[in-house]
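Visitor: Structure provided below as structure tokens; questions to follow.
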Amino acid sequence: MTDASKDRLVGLVLLVFAVAWSVIVVETIPPGSSGPVGPRGFPLGLGVLLAGLSGLMILGSFIPRGRDSADELQGEPVALGVEIWAIASTVGLLVVYTLLLSYSGFIIGTALSVAAALLFILRVPDWRLILGMSLGMSLGIYLVFGKLLGVYLPRGSWIDLYF
Amino acid sequence: MEILLTALPLALDPLTIGLVVLGALLGIIFGSIPGLTYSMALVLVLPITFKFDAVPAIGMLLGTYIGGMTGGSVSAILIGIPGTPSAAATVLDGYPLAKSGRAGLALGTAVVVSAFGGLFSLAVMIVSVDLVARLAIRFGPAEIFALVLFGMSTICGLAGKSLLRGLVAGTIGLLLMTVGMDELDGVPRMTFGTTSLLQGVHLLVAMVGLFAVPQVMNMLADYKSGGQALYRAKAVKTELPSFRQLRGNLSVMIRSALIGTGIGSIPGTGGPIAAFLAYDQARRFSPNKENFGKGELSGVVASETANNAVTGGAMIPLLSLGIPGDPATAIILGGLLIHGLAPGPMLFMENKVEVYTIYLAIGLAYIAVVLIQYFGIRLFVKILRVPPHILAVGILVVCVVGTFAIRNSFLDVYVMTGVGLMGYLLTRFRIPVTPIVLGLVLGETMEREFRTAMILSEGKFDIFYTSPMALFFFGLVIAVIAFQLVGARRERAKLNSNVQEKAHAEN
């Protein structure tokens with residue numbers, strides 16, 4: 001994808017978002033009574049501003065301008081398939097981990113998620129590393145964060161392993 | 001003096017010292033690993049500090065910030081890759097020094113001059129924040145609005161390569177900030193009838209999403225594509241520079257500290273610019289010009305003094321005006337707000353003791369950094385050997401734990417995931433994320449002050465153009481935008497002429 005088409009795409013997505021935002025603001029937020037600028041003023045002004053800026057981005061993408069200076073700093077892009085894999089793995093892991101935490105609490109949820117990440121996402125062949133890291137992280141964080149620093153850790157609704 | 005005596009026991013409390021040292025250690029670790037940033041360390045540390053009082057909590061954040069700034073030099077010197085962008089100039093001479101077997105001396109010098117730069121800027125900061133705060137105490141809502149607008153414009157202009165994309169990012173941040181209950185009218189905004197959105201997007205949840213999640217995605221992508229680097233740093237022992245070596249570099253140290261503090265105090269600039277400027281002046285004034293880039297100790301001295309002097313410089317607008325200059329200070333501002341210390345002139349009236357304790361904590365953090373780097377260098381060499389994809393899994397766990405701990409909410413964890421995904425996609429489409437954070441941090445003040453000013457003036461805009469101070473800041477906003485537009489045009493012209501020259505030569 002060229003830089004101009006990237007700008008066009010992101011500009012268009014943001015323009016649609018900004019217009020939808022502004023419409024929802026007008027429909028759902030009352031003008032208010034606290035002063036000349038009520039609760040609606042800022043969200044609406046910002047929605048219009050974002051629409052204008054994204055419009056400028058789209059227009060700007062049609063102006064030919066040689067090479068963009070920003071390209072100089074960009075590294076070699078990774079393949080699209082790899083990128084989608086990385087995004088899906090990260091988001092998938094975060095969602096599964098959060099679900100596990102809500103059902104099985106911090107210790108079990110963390111140990112299972114870390115082990116699953118190493119086994120299925122990173123395909124680490126070393127079972128000692130898998131065992132050590134999953135148990136080490138769950139118990140280590142439980143003891144240091146939960147017990148020593150008193151940070152509130154998630155409790156499970158089905159199983160709860162706390163001591 | 002009295003305040004200092006009250007602040008001293010608070011700063012020397014074992015819990016505060018322990019947390020400052022822990023923060024410094026985490027900061028150095030994150031700073032030294034290429035690909036991990038100290039901004040990420042700060043967002044991961046912030047939820048842990050919730051439980052503590054303001055002083056130890058802020059101490060831990062400052063320890064992390066300072067440790068992170070110094071830690072970048074470890075990998076810059078040992079493996080030739082800057083751990084943080086601020087240490088990029090340190091590579092130029094630090095790595096050649098390491099290759100010639102003087103890594104220990106380079107590391108030792110880096111840590112000593114870092115502490116010098118940091119403490120120098122601390123002294124400048126203590127004097128200037130008070131002056132700036134005294135001036136700012138007279139600011140009304142119109143002036144504060146103009147000031148915040150100026151802060152936003154510098155960061156939008158300087159954070160990315162394009163002013164337009166920076167402004168788009170800043171506006172997105174401001175938009176996100178308006179979600180939740182409106183504090184002046186008590187009206188829910190963009191909550192779609194749900195109660196869970198009434199409290200708005202928590203600043204910290206957004207920060208973890210924006211700074212940590214995209215990095216993890218990048219680390220995993222590098223791993224999958226096989227482009228992941230494994231660092232094999234050799235075992236080394238830190239060697240402190242001799243008194244003679246330091247005396248020989250004293251003028252470089254002072255000049256670099258001044259450059260660092262000055263650059264740091266301008267929002268939107270930061271460590272990398274200061275380090276390169278200081279490096280450049282050191283080379284110009286040096287009798288051994290030709291040695292620069294080949295392993296000249298003065299090069300390391302200039303870069304490391306300057307990037308650490310940025311820490312004190314950046315604290316000047318942060319503490320006295322509430323304007324953060326970069327992502328790291330924006331996170332510290334978030335921390336200060338969460339702990340009930342709203343930066344600005346009133347901080348110096350109402351929380352004098354806390355302010356002095358913050359000064360002491362900065363000094364303490366530098367002492368901790370020197371000691372940790374001197375005695376713990378072997379640990380950092382070992383950490384550099386841990387493969388990044390393994391670290392990525394650990395970071396995700398800490399992200400989830402930290403985000404959950406903020407409000408004990410699983411919804412926050414999902415929001416963090418969504419914001420992280422958005423941050424990654426925006427970066428891929430060349431929209432910088434720093435202005436989004438600034439928008440989130442400063443948006444509330446901006447809106448409140450604007451609306452209050454409009455109430456005071458009964459709806460007339462003259463409140464903004466009859467105040468000389470507000471006009472001064474609006475003038476600065478225009479100057480920043482003009483500067484950015486002219487700079488971009490020049491750069492484009494230069495690039496085009498280079499391309500044309502190249503084409504001509506090829507023909």
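Labeling convention for the structure tokens: chains A, B, ... as they appear, residues from 1 per chain, ligands from 1 in order of appearance.
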For A:Leu50, list every protein, DNA or RNA residue within 8 Å, evaluated using only C-alpha atoms, and leave out those in the same chain fewer than 3 positions away; present the list as a PyMOL selection string.
Guide: (chain A and resi 14-15+18+46-47+53-54) or (chain B and resi 168+171-172)
Visitor: Within 8 Å of chain A, which residues of chain B show up when using only C-alpha atoms, listed as a tab-separated table (two decimals) with C-alpha atoms, in the first residue's frame?
Guide:
```tsv
chain	number	residue	atom	x	y	z
B	48	ILE	CA	1.31	-0.73	41.51
B	51	LYS	CA	-1.91	1.47	46.99
B	161	LYS	CA	6.78	13.95	11.17
B	162	SER	CA	3.68	15.79	10.04
B	164	LEU	CA	-1.56	17.36	10.24
B	165	ARG	CA	-1.18	13.80	11.50
B	167	LEU	CA	-3.22	17.30	15.08
B	168	VAL	CA	-5.42	14.36	14.05
B	171	THR	CA	-7.98	15.54	18.43
B	172	ILE	CA	-8.59	11.80	18.83
B	174	LEU	CA	-9.38	15.00	23.21
B	175	LEU	CA	-12.43	13.19	21.78
B	178	THR	CA	-15.01	13.68	26.57
B	182	ASP	CA	-19.48	15.88	32.22
B	184	LEU	CA	-19.70	20.86	35.03
B	185	ASP	CA	-23.25	19.86	34.09
B	187	VAL	CA	-24.62	15.08	31.96
B	188	PRO	CA	-23.50	11.68	30.58
B	189	ARG	CA	-21.67	12.02	27.28
B	190	MET	CA	-21.24	9.27	24.67
B	213	VAL	CA	0.29	-3.51	23.59
B	216	VAL	CA	4.23	-6.52	22.18
B	217	MET	CA	2.67	-6.89	18.71
B	218	ASN	CA	5.89	-5.62	17.15
B	220	LEU	CA	5.88	-10.98	18.18
B	221	ALA	CA	5.95	-9.91	14.51
B	222	ASP	CA	9.76	-9.64	14.66
B	224	LYS	CA	7.69	-14.65	13.56
B	225	SER	CA	9.51	-13.02	10.66
B	389	HIS	CA	9.40	-12.87	22.54
B	390	ILE	CA	9.60	-14.48	25.99
B	393	VAL	CA	4.46	-12.78	27.16
B	394	GLY	CA	5.57	-11.52	30.57
B	396	LEU	CA	1.22	-8.89	28.57
B	397	VAL	CA	0.65	-10.55	31.95
B	400	VAL	CA	-3.48	-7.27	32.42
B	401	VAL	CA	-2.65	-7.36	36.14
B	404	PHE	CA	-7.30	-4.83	36.32
B	405	ALA	CA	-5.87	-3.44	39.56
B	408	ASN	CA	-10.87	-4.12	39.67
B	410	PHE	CA	-12.44	-6.79	33.59
B	413	VAL	CA	-8.84	-4.96	30.42
B	414	TYR	CA	-10.95	-5.29	27.28
B	417	THR	CA	-6.91	-4.38	24.49
B	421	LEU	CA	-5.17	-2.46	18.82
B	429	PHE	CA	-0.93	4.40	9.29
B	447	GLU	CA	-12.37	22.07	28.39
B	451	ARG	CA	-15.97	26.83	29.67
B	454	MET	CA	-16.80	31.71	28.81
B	455	ILE	CA	-19.01	31.74	31.91
B	458	GLU	CA	-20.82	35.87	29.80
B	459	GLY	CA	-20.26	34.24	26.46
B	491	GLU	CA	12.59	19.34	4.18
B	492	ARG	CA	10.38	18.28	1.29
B	495	LEU	CA	14.37	15.64	-0.39
B	496	ASN	CA	12.98	16.38	-3.84
```
Visitor: Would you pick out the contacts of A:Ile159 at 9 Å or less, using only C-alpha atoms, so that residues sharing its chain but fewer than 4 positions from it are not included, and give the list as number ranges by chain?
Guide: A: 103-105, 108, 155
Visitor: Could those residues be written to a file, using all heavy atoms, as a short mmCIF file (atom, residue, chain, number, x, y, z; two decimals), in the first residue's frame?
Guide:
```cif
data_model
loop_
_atom_site.label_atom_id
_atom_site.label_comp_id
_atom_site.auth_asym_id
_atom_site.auth_seq_id
_atom_site.Cartn_x
_atom_site.Cartn_y
_atom_site.Cartn_z
N TYR A 103 -12.87 -16.64 35.38
CA TYR A 103 -13.44 -17.92 35.82
C TYR A 103 -12.58 -18.65 36.85
O TYR A 103 -13.07 -19.24 37.79
CB TYR A 103 -13.66 -18.84 34.61
CG TYR A 103 -14.78 -18.35 33.71
CD1 TYR A 103 -14.55 -18.12 32.36
CD2 TYR A 103 -16.05 -18.10 34.22
CE1 TYR A 103 -15.56 -17.66 31.53
CE2 TYR A 103 -17.06 -17.63 33.40
CZ TYR A 103 -16.82 -17.42 32.06
OH TYR A 103 -17.82 -16.96 31.26
N SER A 104 -11.23 -18.60 36.62
CA SER A 104 -10.39 -19.45 37.48
C SER A 104 -9.43 -18.68 38.38
O SER A 104 -8.57 -19.27 39.01
CB SER A 104 -9.62 -20.43 36.60
OG SER A 104 -8.86 -19.71 35.67
N GLY A 105 -9.56 -17.35 38.43
CA GLY A 105 -8.72 -16.58 39.34
C GLY A 105 -7.31 -16.39 38.82
O GLY A 105 -6.94 -16.93 37.77
N ILE A 108 -4.35 -19.81 38.67
CA ILE A 108 -4.59 -20.82 37.63
C ILE A 108 -4.65 -20.15 36.25
O ILE A 108 -4.04 -20.62 35.28
CB ILE A 108 -5.92 -21.58 37.92
CG1 ILE A 108 -5.80 -22.31 39.26
CG2 ILE A 108 -6.25 -22.56 36.81
CD1 ILE A 108 -7.08 -22.96 39.72
N ARG A 155 -10.10 -12.53 41.15
CA ARG A 155 -10.58 -13.76 41.79
C ARG A 155 -11.49 -14.47 40.80
O ARG A 155 -12.20 -13.83 40.02
CB ARG A 155 -11.39 -13.44 43.06
CG ARG A 155 -10.76 -12.45 44.02
CD ARG A 155 -9.63 -13.06 44.80
NE ARG A 155 -10.06 -14.16 45.63
CZ ARG A 155 -10.08 -14.13 46.97
NH1 ARG A 155 -9.74 -13.03 47.60
NH2 ARG A 155 -10.44 -15.19 47.66
#
```
Visitor: Do you know which residues are at most 6 Å from stretch 142-145 of chain B counting only C-alpha atoms, after dropping those on the same chain fewer than 2 positions away, and could you put them as a list in words?
Guide: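 The residues satisfying every condition are Phe139, Gly140, Leu147, Val148, Met446, Glu449, Phe450, Ala453, Phe464 and Ala470 of chain B.
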Visitor: Residues at most 10 Å from B:Asp53, counting only C-alpha atoms, excluding those fewer than 6 positions away in the same chain, as a list in words?
Guide: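 Listed by chain and then number, they are Thr16, His339 and Gly340 of chain B.
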Visitor: Quick one: distance from atom CA of B:Ile66 to atom CA of B:Ala365 in Å, one decimal?
Guide: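 According to the coordinates, atom CA of B:Ile66 and atom CA of B:Ala365 are separated by 6.8 Å.
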Visitor: Quick one: everything within 6 Å of stretch 107-119 of chain B, counting only C-alpha atoms, minus sequence neighbours fewer than 2 positions away in the same chain. Send it as a list in words.
Guide: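 Those residues are Gly104, Leu105, Ser121, Leu122, Thr238, Glu239, Leu240, Pro241, Ala257, Glu304, Thr305, Asn308, Ala309, Tyr366 and Val370 of chain B.
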Visitor: Compile the contact shell of stretch 353-361 of chain B as a PyMOL selection string: residues with an atom at most 10 Å away, counting only C-alpha atoms, same-chain residues fewer than 4 positions apart removed.
Guide: chain B and resi 2-12+16-17+20+54-56+58-63+119+122-123+125-126+312+319+341+343+347-349+365-367
Visitor: Using DSSP secondary structure from the backbone, list all helix (DSSP H, G or I) positions within stretch 314-469 of chain B, as JSON, numbers by chain.
Guide: {"B": [314, 315, 316, 317, 318, 319, 320, 321, 327, 328, 329, 330, 331, 332, 333, 334, 335, 336, 337, 338, 345, 346, 347, 348, 349, 350, 352, 353, 354, 355, 356, 357, 358, 359, 360, 361, 362, 363, 364, 365, 366, 367, 368, 369, 370, 371, 372, 373, 374, 375, 376, 377, 378, 379, 380, 381, 382, 383, 384, 388, 389, 390, 391, 392, 393, 394, 395, 396, 397, 398, 399, 400, 401, 402, 403, 404, 405, 406, 407, 410, 411, 412, 413, 414, 415, 416, 417, 418, 419, 420, 421, 422, 423, 424, 425, 426, 427, 428, 434, 435, 436, 437, 438, 439, 440, 441, 442, 443, 444, 445, 446, 447, 448, 449, 450, 451, 452, 453, 454, 455, 456, 462, 463, 464, 465, 468, 469]}
Visitor: With only C-alpha atoms as the basis for distance, which of B:Ile273, B:Leu318, B:Ile431, B:Leu250 is at the shortest distance from B:Gly334?
Guide: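 Ranking B:Ile273, B:Leu318, B:Ile431, B:Leu250 by distance to B:Gly334, first place goes to B:Leu318.
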Visitor: Record the distance separating atom CA of B:Ser32 and atom CA of B:Ala282, expressed in Å with one decimal.
Guide: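 Straight-line distance from atom CA of B:Ser32 to atom CA of B:Ala282 works out to 24.4 Å.
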Visitor: How many Å separate atom CA of B:Ala488 from atom CA of B:Tyr279?
Guide: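 That distance, rounded to one decimal, is 24.6 Å.
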Visitor: Nearest to B:Ile137: which of B:Leu46, B:Leu364, B:Leu321, B:Leu438 is it, counting only C-alpha atoms?
Guide: B:Leu321
Visitor: So, with only C-alpha atoms as the atoms that count, which of B:Pro327, B:Pro34, B:Pro317, B:Gly193 lies closest to B:Asp130?
Guide: B:Pro317
